[in-house]
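> Structure below; questions to follow.
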4 protein chains.
Amino acid sequence: MAIASTAAGLVRAYDLTELSINGLSIKEKPLQELRSSEVRVKLHAVSLNYRDLMMVKGAYNPRLRLPMTPCSDGAGEVVEVGSEVKKWKVGDRVMATFMPGWISGRLTEAAGRSALGGGGTGMLAESVVLSEEGFVKIPDHLSFEEAATLPCAAVTAWHSLVEAGGLKAGQTVLTLGTGGVSVFAIQLALLSGAEVIATSSSDEKLERLKKMGVHKLINYKTTPDWSKAVQQMTGGNGVDHVVEVGGAGTLDQSMKACAHAGRIGVIGVLAGGQGELNTRFILMKNLLIQGIFVGSREMFENMNAAISTHKLKPVIDKVFDFADAQKAWQHLESGAHFGKVVIRLK
Amino acid sequence: MAIASTAAGLVRAYDLTELSINGLSIKEKPLQELRSSEVRVKLHAVSLNYRDLMMVKGAYNPRLRLPMTPCSDGAGEVVEVGSEVKKWKVGDRVMATFMPGWISGRLTEAAGRSALGGGGTGMLAESVVLSEEGFVKIPDHLSFEEAATLPCAAVTAWHSLVEAGGLKAGQTVLTLGTGGVSVFAIQLALLSGAEVIATSSSDEKLERLKKMGVHKLINYKTTPDWSKAVQQMTGGNGVDHVVEVGGAGTLDQSMKACAHAGRIGVIGVLAGGQGELNTRFILMKNLLIQGIFVGSREMFENMNAAISTHKLKPVIDKVFDFADAQKAWQHLESGAHFGKVVIRLK
Amino acid sequence: MAIASTAAGLVRAYDLTELSINGLSIKEKPLQELRSSEVRVKLHAVSLNYRDLMMVKGAYNPRLRLPMTPCSDGAGEVVEVGSEVKKWKVGDRVMATFMPGWISGRLTEAAGRSALGGGGTGMLAESVVLSEEGFVKIPDHLSFEEAATLPCAAVTAWHSLVEAGGLKAGQTVLTLGTGGVSVFAIQLALLSGAEVIATSSSDEKLERLKKMGVHKLINYKTTPDWSKAVQQMTGGNGVDHVVEVGGAGTLDQSMKACAHAGRIGVIGVLAGGQGELNTRFILMKNLLIQGIFVGSREMFENMNAAISTHKLKPVIDKVFDFADAQKAWQHLESGAHFGKVVIRLK
Amino acid sequence: MAIASTAAGLVRAYDLTELSINGLSIKEKPLQELRSSEVRVKLHAVSLNYRDLMMVKGAYNPRLRLPMTPCSDGAGEVVEVGSEVKKWKVGDRVMATFMPGWISGRLTEAAGRSALGGGGTGMLAESVVLSEEGFVKIPDHLSFEEAATLPCAAVTAWHSLVEAGGLKAGQTVLTLGTGGVSVFAIQLALLSGAEVIATSSSDEKLERLKKMGVHKLINYKTTPDWSKAVQQMTGGNGVDHVVEVGGAGTLDQSMKACAHAGRIGVIGVLAGGQGELNTRFILMKNLLIQGIFVGSREMFENMNAAISTHKLKPVIDKVFDFADAQKAWQHLESGAHFGKVVIRLK
């Protein structure tokens with residue numbers, strides 16, 4: 001079973017050796033030994049998240065130690081299983097979970113430390129070794145490229161809206177922009193029966209959102225006071241859920257756009273720096289603001305059931321070759337994308 | 001604004017004077033005086049529920065006192081408002097809530113006693129007077145006939161699946177037969193992104209269900225062991241939710257059809273008599289069985305948001321004239337219906 | 001039944017005529033007419049909240065119109081009932097709910113506007129008239145003075161910890177200072193089986209808290225980095241709940257003091273101005289921050305069941321006579337209190 | 001590190017060789033090999049549950065294969081750890097979880113199959129080997145005998161009331177009899193601030209319950225219509241929670257004893273055979289009936305936090321020596337116990 005594409009027993013992987021996109025380069029590493037409860041997966045595709053951009057620029061974790069292999073999101077097939085592995089067999093199509101240590105229940109510190117692509121195991125490699133608990137099955141209708149987009153962005157959106165937010169059909173959801181989390185939030189909200197209001201700075205992107213079924217659209221460039229527009233669109237009620245990826249620059253308007261007892265999921269890494277918490281709004285409207293750090297394997301599996309039922313197709317912006325990973329990062333950095341940026345491993 | 005169609009100050013309404021369908025006849029009654037917080041509504045349509053059939057046959061409440069005006073579900077327009085009424089004005093299109101005393105929160109005994117068509121106010125009348133709190137707005141895209149179908153059957157289905165059940169997209173829902181509650185359960189489950197398995201005794205009805213988007217179908221006449229079929233269709237997992245309208249005759253199979261930690265909503269009046277509670281299943285699978293007695297006004301309003309978002313159209317089986325109410329009851333009794341039976345008031 | 005203590009048909013009440021404590025004075029007003037669904041209550045005691053201090057100083061609502069009668073919290077007895085009132089009879093001992101329009105379920109804008117002492121009906125009066133829905137029964141073991149402390153501060157603490165927070169025995173709760181909300185939070189957390197960590201700037205007050213059963217104590221004057229102390233006291237886990245009354249000055253440390261998936265209830269009016277939302281903590285620890293605007297009547301009744309079961313006695317700092325209301329405000333302003341400040345109406 | 005008390009490499013354990021209490025006898029077995037993620041625990045105490053009585057009599061699982069080692073509940077110390085074990089070290093005091101495969105989240109079929117003492121690993125042995133995930137730490141204030149009482153009975157009571165039931169202070173809880181689950185339910189309900197009504201057939205036992213702090217007592221022998229007594233004691237409201245251990249013989253009265261929207265936890269193995277589901281009550285009162293199959297490790301750990309906070313001491317009825325295990329079973333069978341029956345391993 002040849003899993004190393006170069007010399008026998010060697011695996012090619014990207015290492016970050018200095019804090020910049022240019023600091024990424026391919027290295028050959030010895031094949032990691034497999035423990036009894038572990039699984040080796042040959043990766044076919046990896047997707048990038050904004051966290052990966054911050055990571056390579058040193059903006060995510062000030063104590064990050066180099067070299068490290070980046071990326072949390074990968075999809076591939078099982079090529080070797082440890083002697084005690086029960087859940088998987090060679091040939092199974094799997095995705096790694098963002099935190100292999102978070103199975104279900106409440107987030108713990110230990111689970112948080114198991115996040116991939118943050119200094120420990122990174123997915124931008126020809127193969128990885130993880131505990132058998134750290135994988136979920138790829139829905140049958142998805143390619144490896146499509147599956148690679150799910151572990152961070154889609155699970156985050158699902159966790160915020162469905163698992164934490166208890167989204168009901170007929171409720172209103174506001175999304176900001178067209179990055180990976182927001183596009184998944186739109187797709188998952190629509191298939192859950194919600195009414196979706198989406199913003200973008202580009203009329204072209206708004207047009208694409210309309211075709212996806214988004215009910216109401218706002219160009220936040222031409223309507224800088226977009227929270228007022230949201231209030232008008234909802235008859236003065238405001239929205240039930242906001243998937244807040246903008247952070248300091250948008251939190252205040254997100255709060256103003258909320259209905260009484262509305263929920264704001266504060267998502268991952270875009271929400272950099274400090275946000276201003278407008279106490280008047282949070283109090284008088286009983287707002288609920290919740291940090292959403294991706295999600296557990298159980299949440300991932302719940303989401304996959306929805307994705308399978310609806311044959312949902314992730315929106316992939318562009319696919320890069322393994323050799324062109326730096327270009328993938330540059331594309332993400334440009335902000336021009338709509339949906340996910342993927343790196344393919346032949 | 002003349003609301004009494006006969007002599008001035010008189011309202012025509014059906015009275016049940018003996019316990020049978022034949023015991024129903026139209027009476028003229030004096031116009032009820034309006035208190036300061038009350039609203040008078042001219043009814044345009046009323047729908048029947050199985051409860052109304054049991055009621056007229058004396059099978060619902062052994063202590064029912066005659067005469068009484070039947071029916072809980074009606075839709076019409078506001079024709080007069082009390083001096084302190086704030087929520088409504090003349091001309092508003094409204095539906096009465098099944099229990100005008102249940103606004104939100106936990107069901108109370110007092111709320112339960114406020115149910116319409118059970119001995120107090122009944123809706124099969126040209127007009128009714130109720131507290132302003134006892135109405136909800138009709139979604140704009142619905143006719144009065146369509147709106148009249150919602151208060152009992154649709155709210156029950158919504159309460160069971162969404163409010164109590166926390167239905168998530170991708171979960172599986174099992175419905176039994178094609179009565180009013182089951183057809184609404186199918187429609188609401190589908191627009192919430194669930195996967196629906198439905199049963200019927202008729203291949204023709206199953207064909208209609210298929211066209212509505214139901215994913216999997218079982219003829220329970222030709223497949224009497226339908227719980228096994230459900231288990232096979234779900235890869236041995238069972239379903240997450242059952243909307244259980246059958247009662248004693250079906251509860252045991254419904255439990256067998258459930259997944260671990262599955263929920264069974266025991267619905268209204270079809271579940272007559274006693275059901276057998278198979279303790280092995282309820283225990284080992286952590287099943288949850290919940291009595292669902294229609295729902296609160298808040299639930300009704302939440303459901304209407306979903307209905308409006310999706311422009312959902314209730315499935316009306318047949319519409320009868322006010323003069324033909326007995327025929328409407330007979331049609332319901334025949335069990336031939338698919339969806340709701342409606343009585344129109346010109 | 002003489003309810004006006006001065007001339008027949010006149011009620012004495014405080015009016016705020018300019019924005020300062022000195023702007024408060026007693027006025028005589030005509031007896032308000034009773035509508036059919038309303039109840040007249042002769043007040044025996046009123047309690048002050050920090051909101052009332054902000055209100056008279058113009059810091060709560062920039063658009064407040066004068067004159068207005070202050071105070072939201074009062075307890076008394078029913079002296080007159082409207083013709084359609086069902087829930088109350090003359091002689092019943094009752095407390096008004098903070099928002100008479102919030103019965104149960106989700107907070108709405110209309111419910112929020114019904115808050116007492118904010119421009120409409122205020123409780124610092126010999127008698128008030130409100131809808132029958134706007135009262136709850138006083139637990140038998142409580143005096144009017146004690147009952148008057150509950151509507152705002154106790155319900156807020158209960159809502160934050162129990163209704164929104166789902167507090168479980170064995171979880172840890174952090175409270176800040178010894179104001180009304182915090183002392184109730186301590187009492188309610190203890191009777192719910194939680195472990196309580198409390199802060200104060202005074203060793204004497206900490207000694208009192210210890211006698212109340214608080215498990216762990218921190219003097220935040222001598223331990224300005226109190227979030228670290230909390231982390232140490234909890235073995236590095238942090239607390240499950242914070243009742244956050246401090247606002248901008250304390251929110252950051254409250255977040256650091258939290259466990260993963262911890263909840264912070266952002267309480268009423270102390271949280272003035274803007275708080276800084278540390279996105280690193282809210283995200284990586286999946287924190288949940290929720291604005292708590294007092295609570296519904298259903299919550300109030302749930303709390304009263306707990307108060308009755310445990311014969312809980314509110315902590316009253318000092319009782320002032322009706323004529324000395326300005327002194328009561330000054331005492332509250334001094335910050336020297338421990339628990340609640342009450343005004344007695346003979 | 002000598003863990004086998006007989007010949008080197010041998011472990012003494014009870015085997016059931018025929019379906020009766022007399023079918024239990026001590027066997028010597030070879031020491032099981034340890035896998036990399038497993039832990040070997042020397043047991044100091046084991047407790048019996050009614051399930052263990054049913055198991056040895058063949059009433060629990062008709063397909064049980066003999067010989068098998070009985071018992072699910074044991075406490076001891078870690079004596080050996082596999083090479084990859086991270087959570088435990090030699091000397092740690094631990095309890096096994098009832099289902100080592102249920103970590104958190106929703107019960108799955110696989111988790112259910114991992115239950116101890118049902119044909120696979122049984123705890124009535126000098127030592128056992130389980131995955132490191134299958135243990136929780138013993139609270140410091142508990143002896144091994146006390147700790148051995150927790151895994152099944154206490155976790156079941158906690159799951160029913162707190163995790164599934166969301167028990168709030170001031171709510172009412174009804175317990176039936178003085179078996180292990182009921183006594184734990186009483187203790188856990190009391191420390192959660194609930195009001196407890198308990199039944200027993202013995203005035204002596206009722207006296208003991210009173211001393212434990214139970215608020216209201218009913219002798220169900222002298223008051224066979226005890227559900228009416230419960231209704232009277234609660235002012236006609238009924239209770240919020242029932243911990244239903246009686247099954248077919250008591251479920252109907254338990255339902256009558258419930259408040260509107262009350263919850264009934266149907267507990268484990270006493271609820272043998274078939275129960276009658278009174279549809280009138282479940283519907284009109286929106287009752288919720290939930291099967292409770294012990295609980296997850298996360299629930300166990302949550303409960304331990306409460307037990308530690310309150311230094312709760314389990315109620316042990318009697319302790320038997322390892323050699324006298326048959327007598328322990330006979331004592332349990334007699335029904336004379338109050339609390340838990342324990343077997344001590346020197």
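In the structure tokens, chains take letters A, B, ... by order of appearance, with residues numbered from 1 within each chain and ligands from 1 in the order shown.
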Would you please extract all strand (DSSP E) residues from region 64-285 of chain A, as assigned by DSSP on the backbone, and give them as a PyMOL selection string?
chain A and resi 73-81+93-96+127-131+135-137+172-176+195-200+216-219+239-244+258-267+274-278
> Give me, as JSON, numbers by chain, the residues of chain C touching chain A, with the criterion being at most 8 Å (counting only C-alpha atoms).
{"C": [106, 107, 108, 109, 112, 247, 260, 261, 266, 267, 268, 271, 272, 273, 274, 275, 276, 277, 278, 279, 280, 282, 283, 284, 285, 286, 287, 288, 289, 290, 291, 292, 293]}
> Skipping near chain neighbours, those fewer than 6 positions away, what residues fall within 12 Å of Pro62 (chain D) using only C-alpha atoms, listed as a PyMOL selection string?
(chain B and resi 280) or (chain D and resi 19+54-56+118-119)
> How would the residues just chosen look if you wrote them out with all heavy atoms as a PDB file, in the first residue's frame?

ATOM      1  N   ARG B 280     -39.189  -2.043  27.693  1.00  0.00           N
ATOM      2  CA  ARG B 280     -37.866  -2.405  27.172  1.00  0.00           C
ATOM      3  C   ARG B 280     -37.362  -1.351  26.187  1.00  0.00           C
ATOM      4  O   ARG B 280     -36.229  -0.904  26.268  1.00  0.00           O
ATOM      5  CB  ARG B 280     -37.920  -3.771  26.490  1.00  0.00           C
ATOM      6  CG  ARG B 280     -36.583  -4.190  25.906  1.00  0.00           C
ATOM      7  CD  ARG B 280     -36.572  -5.633  25.391  1.00  0.00           C
ATOM      8  NE  ARG B 280     -35.364  -5.867  24.624  1.00  0.00           N
ATOM      9  CZ  ARG B 280     -34.163  -6.031  25.139  1.00  0.00           C
ATOM     10  NH1 ARG B 280     -34.007  -5.982  26.442  1.00  0.00           N
ATOM     11  NH2 ARG B 280     -33.104  -6.215  24.380  1.00  0.00           N
TER      12      ARG B 280
ATOM     13  N   LEU D  19     -28.951 -19.802  35.812  1.00  0.00           N
ATOM     14  CA  LEU D  19     -29.758 -18.610  36.074  1.00  0.00           C
ATOM     15  C   LEU D  19     -30.458 -18.671  37.424  1.00  0.00           C
ATOM     16  O   LEU D  19     -31.657 -18.950  37.535  1.00  0.00           O
ATOM     17  CB  LEU D  19     -30.787 -18.417  34.959  1.00  0.00           C
ATOM     18  CG  LEU D  19     -30.187 -18.057  33.594  1.00  0.00           C
ATOM     19  CD1 LEU D  19     -31.256 -18.050  32.518  1.00  0.00           C
ATOM     20  CD2 LEU D  19     -29.477 -16.712  33.656  1.00  0.00           C
ATOM     21  N   MET D  54     -32.171  -9.151  38.412  1.00  0.00           N
ATOM     22  CA  MET D  54     -32.862  -9.650  37.221  1.00  0.00           C
ATOM     23  C   MET D  54     -31.901 -10.434  36.335  1.00  0.00           C
ATOM     24  O   MET D  54     -32.276 -11.441  35.740  1.00  0.00           O
ATOM     25  CB  MET D  54     -33.444  -8.473  36.433  1.00  0.00           C
ATOM     26  CG  MET D  54     -34.583  -7.769  37.165  1.00  0.00           C
ATOM     27  SD  MET D  54     -35.200  -6.379  36.177  1.00  0.00           S
ATOM     28  CE  MET D  54     -36.052  -7.249  34.846  1.00  0.00           C
ATOM     29  N   MET D  55     -30.673  -9.946  36.222  1.00  0.00           N
ATOM     30  CA  MET D  55     -29.691 -10.582  35.338  1.00  0.00           C
ATOM     31  C   MET D  55     -29.449 -12.026  35.771  1.00  0.00           C
ATOM     32  O   MET D  55     -29.504 -12.938  34.943  1.00  0.00           O
ATOM     33  CB  MET D  55     -28.386  -9.779  35.384  1.00  0.00           C
ATOM     34  CG  MET D  55     -27.414 -10.051  34.279  1.00  0.00           C
ATOM     35  SD  MET D  55     -27.926  -9.342  32.676  1.00  0.00           S
ATOM     36  CE  MET D  55     -27.610  -7.590  32.919  1.00  0.00           C
ATOM     37  N   VAL D  56     -29.194 -12.253  37.056  1.00  0.00           N
ATOM     38  CA  VAL D  56     -28.841 -13.614  37.476  1.00  0.00           C
ATOM     39  C   VAL D  56     -30.069 -14.532  37.418  1.00  0.00           C
ATOM     40  O   VAL D  56     -29.918 -15.749  37.355  1.00  0.00           O
ATOM     41  CB  VAL D  56     -28.223 -13.671  38.899  1.00  0.00           C
ATOM     42  CG1 VAL D  56     -27.001 -12.773  38.997  1.00  0.00           C
ATOM     43  CG2 VAL D  56     -29.230 -13.313  39.964  1.00  0.00           C
ATOM     44  N   GLY D 118     -23.358  -7.213  31.787  1.00  0.00           N
ATOM     45  CA  GLY D 118     -24.483  -7.714  31.018  1.00  0.00           C
ATOM     46  C   GLY D 118     -24.057  -8.809  30.035  1.00  0.00           C
ATOM     47  O   GLY D 118     -24.775  -9.111  29.101  1.00  0.00           O
ATOM     48  N   GLY D 119     -22.875  -9.362  30.252  1.00  0.00           N
ATOM     49  CA  GLY D 119     -22.400 -10.407  29.350  1.00  0.00           C
ATOM     50  C   GLY D 119     -20.949 -10.183  28.939  1.00  0.00           C
ATOM     51  O   GLY D 119     -20.202 -11.112  28.693  1.00  0.00           O
TER      52      GLY D 119
END
> As number ranges by chain, please: the residues near Gly170 (chain C) (cut-off 6 Å, only C-alpha atoms, same-chain neighbours under 2 positions excluded).
C: 194; D: 305-306, 309
> With N, CA and C atoms retained, write the just-selected residues as a short mmCIF file (atom, residue, chain, number, x, y, z; two decimals), in the first residue's frame.

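In the end it all went to again12.cif:
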data_model
loop_
_atom_site.label_atom_id
_atom_site.label_comp_id
_atom_site.auth_asym_id
_atom_site.auth_seq_id
_atom_site.Cartn_x
_atom_site.Cartn_y
_atom_site.Cartn_z
N ALA C 194 -25.48 25.20 44.02
CA ALA C 194 -24.25 25.60 43.35
C ALA C 194 -23.14 25.94 44.35
N ALA D 305 -19.55 16.65 40.68
CA ALA D 305 -19.32 18.02 41.15
C ALA D 305 -20.33 18.39 42.22
N ALA D 306 -21.58 18.01 42.01
CA ALA D 306 -22.62 18.29 43.02
C ALA D 306 -22.36 17.50 44.29
N THR D 309 -19.45 19.16 46.09
CA THR D 309 -19.83 20.45 46.70
C THR D 309 -20.57 20.24 48.01
#
> Show which residues sit within 9 Å of Ile343 (chain B), as number ranges by chain. Count only C-alpha atoms, and ignore same-chain residues fewer than 6 positions away.
B: 44-48, 124, 145, 148, 318-325, 328
> Contacts of Gln187 (chain D) at 12 Å or less, counting only C-alpha atoms, minus same-chain residues fewer than 5 places along, as a PyMOL selection string?
(chain C and resi 169+193) or (chain D and resi 153-154+157-158+161+173+175+178+180-182+192-198+209-215+303+306-307+310-315+339)
> If I take CA of Gly23 (chain A) and CA of Asp317 (chain A), how far is one from the other in Å, to one decimal?
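Calculated distance between CA of Gly23 (chain A) and CA of Asp317 (chain A) is 24.0 Å.
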> As an exercise, work out the distance from CA of Gly76 (chain B) to CA of Phe135 (chain B) in Å and give it to one decimal place.
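CA of Phe135 (chain B) lies at a distance of 10.3 Å from CA of Gly76 (chain B).
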> With distances taken over only C-alpha atoms, which residue among C:Ile21, C:Ala75, C:Leu16, C:Ile103 lies nearest Leu142 (chain C)?
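So, comparing all the options, the nearest one is C:Ala75.
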> I want to know what sits within 9 Å of Lys89 (chain D), based on only C-alpha atoms, with residues of the same chain fewer than 4 positions away left out; could you give that as a PyMOL selection string?
chain D and resi 39+78-81+85
> The selected residues should be written to file as a tab-separated table (two decimals), in the first residue's frame (atoms: C-alpha atoms).

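In the end it all went to out.tsv:
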chain	number	residue	atom	x	y	z
D	39	VAL	CA	-6.29	0.69	32.38
D	78	VAL	CA	-5.57	2.02	39.09
D	79	VAL	CA	-2.81	-0.58	39.22
D	80	GLU	CA	-1.57	-0.59	35.63
D	81	VAL	CA	-1.89	1.70	32.63
D	85	VAL	CA	-3.01	6.21	28.55
> DSSP on the backbone, then: every residue of region 40-151 of chain B marked helix (DSSP H, G or I), written as a ChimeraX atom specification.
/B:50-56,109-113,132-134,144-147,150-151
